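*Asks:* A single structure is presented below for examination.
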Amino acid sequence: MTTRLLQRQILPLDRDFDVLALYVDPDDAKLDADKYEIGGSRAAKALNNAAIRQSTASGVTIHPDQIESRTALRVVQGERLSFGTYFNAFPASYWRRWTVVTDVTLTVHLRGRGAAVIVYKSMANGRSQRVDSASTGAEAEGTFSFELPLKPFVDGGWYWYNVVAGDEDVVVESAEWTAEVPEDRAEHGTVDLAITTMNRADFCAKLLGQIGDDEVLRPYLDTVFVMEQGTQKVVDSPFFPKAEGALGSLLRVIEQGNLGGSGGYARGQLESVRKGTATYAMMMDDDVVCEPEGIVRAVTFGDLARRPTIVGGHMFSIYSRSRLHSFGEIVHPWRFWWQSPPDVYSDWDFAARNLRSSRWLHKRVDVDFNGWFMCLIPRQVLEEIGLSLPLFLKWDDSEFGLRAKAAGFPTVTFPGAAVWHVPWTDKNDALDWQAYFHQRNRFVAALLHSQYPKGGRLVRESLNHQIAHLVSMQYSTAELRLMAMEDVLAGPEGLHALLATRLADVNAFRKQFSDARLEADPDAFPAVRREKPPRKGKDASEVPGRLAQLVSAGLQPLRQLKAPRALSREHPEAEVRAMDAKWYRLASYDSAVVSMNDGTSAAFYQRDPEQFRDLMKRTLAIHERYRREWPQLAEQYRASLAHITSPEAWDETFRPWTGPSEMGSGDD
């Protein structure tokens, strides 16, 4: 056996105050109520869910100057700080479930008289227990080790430590979590980073610089691949020379056409497999800010996993940096839609309610996949199950996770590995050109992996969503969704052929629809006018009850067949904010100016009975066809999966940018 470092105490890079709550917590723990104490009453559960999100932050903060280095923090005389936080608590249940580690040792080095370190653990229900403690007493400094078993963490739980300063300030010089591991696990693996970029030159160059500057991370890097698919090149960014100087021979920029995220990541996967020198390939978005230590932790966890395991990171908001997008994601088997698992709260603000006060965060969360904004894949997995599907974007990561799971390779979304990224909630990808890829790729993934006859609820839900778009006057979106369904019916052989061209086709097709023509200037639209005011001056932004929505869903398709009010042809009847642009509101208008989620533009929606009638007819026909042909179509896709994800199939797709010579022979 040999000693292996699993995790070390870290503090924010550049003393970033916005992320401090993820590293150290000055507040007391105020655990929320157990759901089993609340019971099954709907009203009681609603009240508890609201209480769970209530802030426990007292307003007490630490001064950035207390951060003395990347690993050292000063605790002011008489105060107590907890390292029971996202980046510094030890996720014991994940190590217990997925790795060969059975016991860990926490070693804390303190400098200061009268300082105390107290070790705690939590159970899966969030309740904490004091485990051990030690003090420097009259000594100027001390190093303390605690032997901690992982046996009690089957369902969940963490270890962490608090530090209390005595009669003088204390500096927590370091804290390390180590374990005795088999000799064949002594050396760390290496990783090929695969970063796909498209016209985000400065973002990408800054990320490369951040990776290259981290001396702890560098020994773990084999190659940093940048798949350049844009016209604004990363090599032309003013930040690139610094990054190139830091990474040196580790950096390789590969230029190819815009093949989307799946085409970019598949190229990185292929290069990594062909090169064969790295243990892992990590998919990473180009527009993230990463915590370099998270890459080290992901590699370490992968090295010690019981079997080859995909290790994913979490996503925090790049705009509000203490807010977590989701603690893990699954594909709901009946709906075949991605979502957080039960009891997981999305958009969680650690600055308002940190780890020790959040009961749900102590239960281990098991997932089906991890987004490729940060995801470590063992080379062995790529060699055995193939590369990404050629989906351009959307569902490539989730399909790969399901495929890996079916082959016996689990995915773990690992606490302590994370990036900061634009959250999905700030995007509008269900209405723009991406609607085509959402619809097509969801159906492809379901045909490959759904275990229910005819895809479970997918076809019915698709029909419901299509009707919602139609009554919302979103005809371009409805047309793109039909185009996507027709392409799926054409079979899996066309996926590679469409990869380089379908985006241009989709964008050209959308231009004929007024709801897809976006204007940034508010004066580009006519003034709002109505033939008659709202009934009783009612504010249409109110959310209707469930019964009212059901009644509206039954009546609105009939209303769409009526002739629109004449004035609505020239003037919008309302301006509707993106947050209020729900189907039940838009369906009541004959025209409206509707803003987009990103806040940069708006479009003029106009109701068209003839267009509605044509689209509805085709919508009903194609969904009925899916109900009839699902079994045969699923068999066809499943039979083709191994081929279309093979290196050989991807070789042909990359041929225009590689030539006849062997892949991986040099920069393109």
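Simple scheme: letters A, B, ... for chains in structure tokens order, numbers from 1 for residues in each chain, numbers from 1 for ligands in the order shown.
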What's the 7 Å shell around A:Ala201, counting only C-alpha atoms, without same-chain residues fewer than 6 positions away, as a PDB file with N, CA and C atoms, in the first residue's frame?
*Replies:*
ATOM      1  N   GLN A 232     -13.588  33.776 -35.769  1.00  0.00           N
ATOM      2  CA  GLN A 232     -12.811  34.622 -34.860  1.00  0.00           C
ATOM      3  C   GLN A 232     -11.879  33.697 -34.071  1.00  0.00           C
ATOM      4  N   LYS A 233     -10.642  33.593 -34.523  1.00  0.00           N
ATOM      5  CA  LYS A 233      -9.723  32.546 -34.059  1.00  0.00           C
ATOM      6  C   LYS A 233      -9.170  32.843 -32.667  1.00  0.00           C
ATOM      7  N   VAL A 234      -9.048  31.778 -31.891  1.00  0.00           N
ATOM      8  CA  VAL A 234      -8.457  31.918 -30.568  1.00  0.00           C
ATOM      9  C   VAL A 234      -7.010  32.375 -30.656  1.00  0.00           C
ATOM     10  N   SER A 237      -6.570  36.128 -30.440  1.00  0.00           N
ATOM     11  CA  SER A 237      -6.915  36.851 -29.216  1.00  0.00           C
ATOM     12  C   SER A 237      -5.660  37.448 -28.591  1.00  0.00           C
TER      13      SER A 237
END
*Asks:* Just the residues within 12 Å of A:Asn464, please, counting only C-alpha atoms, with nothing from its chain fewer than 6 positions along; format it as number ranges by chain.
*Replies:* A: 457-458, 470-471, 478, 550, 553-554, 557, 583, 616, 619-620, 623
*Asks:* Could you tell me, as JSON, numbers by chain, which residues of stretch 440-503 of chain A DSSP assigns to helix (DSSP H, G or I) when given the backbone?
*Replies:* {"A": [440, 441, 442, 443, 444, 445, 446, 447, 448, 449, 453, 454, 455, 458, 459, 460, 461, 462, 463, 464, 465, 466, 467, 468, 469, 470, 471, 475, 476, 477, 478, 479, 480, 481, 482, 483, 484, 485, 486, 487, 488, 489, 494, 495, 496, 497, 498, 502, 503]}
*Asks:* Residues near stretch 592-594 of chain A, anyone? I mean within 7 Å using only C-alpha atoms, not counting same-chain ones fewer than 2 positions away, as a list in words.
*Replies:* Pro572, Glu573, Ala574, Glu575, Val576, Arg577, Ala578, Tyr589, Met596, Ala602, Ala603, Phe604, Tyr605 and Gln606 of chain A
*Asks:* Under the rule of at most 8 Å, produce a per-residue listing of stretch 246-313 of chain A near stretch 211-214 of chain A: chain, number, name, the closest pair of atoms, and the distance in Å, as CSV, using only C-alpha atoms.
*Replies:*
residue,atom,partner,partner_atom,distance
A:Ala246,CA,A:Gly212,CA,4.9
A:Leu247,CA,A:Gly212,CA,4.9
A:Pro292,CA,A:Ile211,CA,6.5
*Asks:* When you look at stretch 651-660 of chain A with a cut-off of 9 Å (counting only C-alpha atoms), what residues show up, excluding the ones that are within fewer than 6 positions of it in the same chain? I need them as a tab-separated table (two decimals) with N, CA and C atoms, in the first residue's frame.
*Replies:*
chain	number	residue	atom	x	y	z
A	255	GLU	N	-7.93	23.17	-36.43
A	255	GLU	CA	-8.97	23.91	-37.13
A	255	GLU	C	-9.81	22.97	-37.98
A	256	GLN	N	-11.13	23.16	-37.89
A	256	GLN	CA	-12.05	22.40	-38.73
A	256	GLN	C	-13.32	23.21	-38.91
A	257	GLY	N	-14.24	22.72	-39.75
A	257	GLY	CA	-15.50	23.42	-39.97
A	257	GLY	C	-16.37	23.38	-38.73
A	263	GLY	N	-19.25	17.52	-32.81
A	263	GLY	CA	-18.16	17.36	-33.78
A	263	GLY	C	-16.82	17.79	-33.22
A	267	ARG	N	-13.82	15.10	-32.17
A	267	ARG	CA	-12.45	15.23	-32.70
A	267	ARG	C	-11.43	15.12	-31.57
A	270	LEU	N	-11.30	11.50	-30.53
A	270	LEU	CA	-10.59	10.69	-31.52
A	270	LEU	C	-9.09	10.91	-31.43
A	496	HIS	N	-24.26	11.85	-39.85
A	496	HIS	CA	-22.93	12.37	-40.18
A	496	HIS	C	-23.00	13.32	-41.38
A	497	ALA	N	-23.79	12.97	-42.39
A	497	ALA	CA	-23.86	13.79	-43.60
A	497	ALA	C	-24.42	15.17	-43.32
A	499	LEU	N	-24.10	16.88	-40.51
A	499	LEU	CA	-23.41	17.57	-39.43
A	499	LEU	C	-22.87	18.94	-39.86
A	500	ALA	N	-22.30	19.03	-41.03
A	500	ALA	CA	-21.66	20.27	-41.46
A	500	ALA	C	-22.61	21.24	-42.14
A	668	ASP	N	-3.49	21.16	-37.91
A	668	ASP	CA	-4.23	21.32	-39.16
A	668	ASP	C	-4.28	22.79	-39.55
*Asks:* Compile the contact shell of A:Gly416 as a PyMOL selection string: residues with an atom at most 10 Å away, counting only C-alpha atoms, same-chain residues fewer than 5 positions apart removed.
*Replies:* chain A and resi 7+22-23+85-91+291+293-295+297-298+313-314
*Asks:* Kindly save the residues from that selection, with N, CA and C atoms included, as a PDB file, in the first residue's frame.
*Replies:*
ATOM      1  N   GLN A   7      -7.327  15.059  -1.606  1.00  0.00           N
ATOM      2  CA  GLN A   7      -7.897  16.410  -1.654  1.00  0.00           C
ATOM      3  C   GLN A   7      -7.113  17.292  -0.703  1.00  0.00           C
ATOM      4  N   LEU A  22     -17.992  29.288  -1.163  1.00  0.00           N
ATOM      5  CA  LEU A  22     -17.744  27.924  -1.633  1.00  0.00           C
ATOM      6  C   LEU A  22     -16.505  27.325  -0.978  1.00  0.00           C
ATOM      7  N   TYR A  23     -15.714  28.152  -0.277  1.00  0.00           N
ATOM      8  CA  TYR A  23     -14.450  27.705   0.292  1.00  0.00           C
ATOM      9  C   TYR A  23     -14.426  27.736   1.817  1.00  0.00           C
ATOM     10  N   THR A  85     -17.559  23.240   3.500  1.00  0.00           N
ATOM     11  CA  THR A  85     -18.045  23.974   2.337  1.00  0.00           C
ATOM     12  C   THR A  85     -17.897  23.133   1.081  1.00  0.00           C
ATOM     13  N   TYR A  86     -18.426  23.649  -0.024  1.00  0.00           N
ATOM     14  CA  TYR A  86     -18.426  22.887  -1.274  1.00  0.00           C
ATOM     15  C   TYR A  86     -17.030  22.418  -1.661  1.00  0.00           C
ATOM     16  N   PHE A  87     -16.039  23.303  -1.640  1.00  0.00           N
ATOM     17  CA  PHE A  87     -14.702  22.941  -2.109  1.00  0.00           C
ATOM     18  C   PHE A  87     -13.811  22.339  -1.026  1.00  0.00           C
ATOM     19  N   ASN A  88     -14.149  22.502   0.239  1.00  0.00           N
ATOM     20  CA  ASN A  88     -13.222  22.037   1.280  1.00  0.00           C
ATOM     21  C   ASN A  88     -13.754  20.937   2.183  1.00  0.00           C
ATOM     22  N   ALA A  89     -15.057  20.675   2.191  1.00  0.00           N
ATOM     23  CA  ALA A  89     -15.541  19.477   2.868  1.00  0.00           C
ATOM     24  C   ALA A  89     -15.165  18.260   2.028  1.00  0.00           C
ATOM     25  N   PHE A  90     -15.099  17.117   2.661  1.00  0.00           N
ATOM     26  CA  PHE A  90     -14.704  15.887   1.974  1.00  0.00           C
ATOM     27  C   PHE A  90     -15.957  15.057   1.678  1.00  0.00           C
ATOM     28  N   PRO A  91     -16.279  14.816   0.404  1.00  0.00           N
ATOM     29  CA  PRO A  91     -17.510  14.095   0.040  1.00  0.00           C
ATOM     30  C   PRO A  91     -17.375  12.596   0.282  1.00  0.00           C
ATOM     31  N   GLU A 291     -12.054  25.931 -11.869  1.00  0.00           N
ATOM     32  CA  GLU A 291     -11.251  25.789 -10.665  1.00  0.00           C
ATOM     33  C   GLU A 291     -10.250  24.689 -10.985  1.00  0.00           C
ATOM     34  N   GLU A 293      -8.077  23.079  -9.502  1.00  0.00           N
ATOM     35  CA  GLU A 293      -8.006  21.973  -8.544  1.00  0.00           C
ATOM     36  C   GLU A 293      -9.072  20.923  -8.826  1.00  0.00           C
ATOM     37  N   GLY A 294     -10.191  21.344  -9.414  1.00  0.00           N
ATOM     38  CA  GLY A 294     -11.250  20.410  -9.735  1.00  0.00           C
ATOM     39  C   GLY A 294     -10.820  19.377 -10.758  1.00  0.00           C
ATOM     40  N   ILE A 295      -9.973  19.769 -11.704  1.00  0.00           N
ATOM     41  CA  ILE A 295      -9.464  18.815 -12.694  1.00  0.00           C
ATOM     42  C   ILE A 295      -8.585  17.780 -12.008  1.00  0.00           C
ATOM     43  N   ARG A 297      -8.751  16.854  -8.891  1.00  0.00           N
ATOM     44  CA  ARG A 297      -9.603  15.991  -8.068  1.00  0.00           C
ATOM     45  C   ARG A 297     -10.345  14.971  -8.930  1.00  0.00           C
ATOM     46  N   ALA A 298     -10.820  15.404 -10.104  1.00  0.00           N
ATOM     47  CA  ALA A 298     -11.531  14.473 -10.982  1.00  0.00           C
ATOM     48  C   ALA A 298     -10.611  13.344 -11.431  1.00  0.00           C
ATOM     49  N   GLY A 313     -18.046  17.382 -13.431  1.00  0.00           N
ATOM     50  CA  GLY A 313     -18.033  18.496 -12.498  1.00  0.00           C
ATOM     51  C   GLY A 313     -19.378  19.185 -12.441  1.00  0.00           C
ATOM     52  N   HIS A 314     -19.525  20.089 -11.489  1.00  0.00           N
ATOM     53  CA  HIS A 314     -20.741  20.881 -11.354  1.00  0.00           C
ATOM     54  C   HIS A 314     -20.601  22.204 -12.094  1.00  0.00           C
TER      55      HIS A 314
END
*Asks:* Which parts of stretch 384-625 of chain A does DSSP call strand (DSSP E) when run on the backbone here, written out as a PDB file with C-alpha atoms, in the first residue's frame?
*Replies:*
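This went into out26.pdb:
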ATOM      1  CA  THR A 411     -21.034   8.510 -14.271  1.00  0.00           C
ATOM      2  CA  VAL A 412     -20.348  10.384 -11.025  1.00  0.00           C
ATOM      3  CA  THR A 413     -21.008  14.112 -10.734  1.00  0.00           C
ATOM      4  CA  PHE A 414     -18.301  14.798  -8.205  1.00  0.00           C
ATOM      5  CA  PRO A 415     -18.557  17.522  -5.524  1.00  0.00           C
ATOM      6  CA  GLY A 416     -15.450  19.689  -5.442  1.00  0.00           C
ATOM      7  CA  ALA A 417     -14.944  19.669  -9.213  1.00  0.00           C
ATOM      8  CA  ALA A 418     -16.642  22.619 -10.884  1.00  0.00           C
ATOM      9  CA  VAL A 419     -16.627  25.417 -13.446  1.00  0.00           C
ATOM     10  CA  TRP A 420     -18.449  28.728 -13.712  1.00  0.00           C
ATOM     11  CA  HIS A 421     -20.594  28.983 -16.848  1.00  0.00           C
ATOM     12  CA  GLU A 575     -45.445  43.802 -25.572  1.00  0.00           C
ATOM     13  CA  VAL A 576     -44.670  40.601 -23.682  1.00  0.00           C
ATOM     14  CA  SER A 591     -50.113  39.663 -32.394  1.00  0.00           C
ATOM     15  CA  ALA A 592     -47.455  40.680 -29.905  1.00  0.00           C
ATOM     16  CA  VAL A 593     -43.878  41.896 -29.628  1.00  0.00           C
ATOM     17  CA  VAL A 594     -42.081  39.250 -27.567  1.00  0.00           C
ATOM     18  CA  SER A 595     -38.629  39.754 -26.088  1.00  0.00           C
ATOM     19  CA  ALA A 602     -37.469  40.929 -29.616  1.00  0.00           C
ATOM     20  CA  ALA A 603     -39.668  39.584 -32.424  1.00  0.00           C
ATOM     21  CA  PHE A 604     -43.099  40.430 -33.838  1.00  0.00           C
ATOM     22  CA  TYR A 605     -45.454  37.459 -33.454  1.00  0.00           C
ATOM     23  CA  GLN A 606     -48.622  37.379 -35.637  1.00  0.00           C
TER      24      GLN A 606
END
*Asks:* Here is a test: counting only C-alpha atoms, which residue of A:Asp34, A:Asp18, A:Asp167, A:Asp303 is nearest to A:Thr99?
*Replies:*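 Of all the options, A:Asp303 lies closest to A:Thr99.
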*Asks:* Nearest residue to A:Phe409 out of A:Val154, A:Val311, A:Ala351, A:Ala581, using only C-alpha atoms?
*Replies:*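 The closest residue to A:Phe409 is A:Val311.
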*Asks:* With only C-alpha atoms as the basis for distance, which of A:Glu79, A:Glu173, A:Glu570, A:Glu141 is at the shortest distance from A:Asp27?
*Replies:*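 Smallest distance to A:Asp27 is found for A:Glu79.
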*Asks:* Tell me, in Å to one decimal, how far atom CA of A:Pro526 is from atom CA of A:His571.
*Replies:*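 We find that atom CA of A:Pro526 and atom CA of A:His571 lie 5.5 Å from each other.
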*Asks:* So which residues touch A:Ser317 within 7 Å, counting only C-alpha atoms, skipping near sequence neighbours fewer than 4 positions away, as a PyMOL selection string?
*Replies:* chain A and resi 321+323-325+420-423
*Asks:* How far is it from atom CA of A:Cys375 to atom CA of A:Trp338, in Å with one decimal?
*Replies:*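 So the answer is 16.6 Å.
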*Asks:* Name the closest residue to A:Ser398 among the candidates A:Arg442, A:Arg379, A:Arg4, A:His63; distances are taken between atoms, counting only C-alpha atoms.
*Replies:*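 Of the candidates, the smallest distance to A:Ser398 is held by A:Arg442.
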*Asks:* If I take atom CA of A:Val444 and atom CA of A:Tyr637, how far is one from the other in Å, to one decimal?
*Replies:*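 These atoms are spaced 7.7 Å apart.
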*Asks:* Would you list the contacts of A:Gly328 as an mmCIF file with C-alpha atoms, in the first residue's frame, taking every protein, DNA or RNA residue within 8 Å and counting only C-alpha atoms, but skipping same-chain residues closer than 2 positions in sequence?
*Replies:*
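This is the output file result_9.cif:
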data_model
loop_
_atom_site.group_PDB
_atom_site.id
_atom_site.type_symbol
_atom_site.label_atom_id
_atom_site.label_comp_id
_atom_site.auth_asym_id
_atom_site.auth_seq_id
_atom_site.Cartn_x
_atom_site.Cartn_y
_atom_site.Cartn_z
ATOM 1 C CA HIS A 314 -20.741 20.881 -11.354
ATOM 2 C CA SER A 326 -27.805 21.504 -10.393
ATOM 3 C CA ILE A 330 -30.721 12.196 -14.832
ATOM 4 C CA SER A 340 -32.406 16.961 -11.559
ATOM 5 C CA PRO A 341 -33.034 13.825 -9.488
ATOM 6 C CA VAL A 344 -32.315 17.983 -5.647
ATOM 7 C CA VAL A 365 -26.849 12.034 -5.640
ATOM 8 C CA ASP A 366 -26.457 9.395 -8.349
ATOM 9 C CA VAL A 367 -26.734 10.514 -11.978
ATOM 10 C CA ASN A 370 -22.798 14.826 -16.783
ATOM 11 C CA THR A 413 -21.008 14.112 -10.734
#
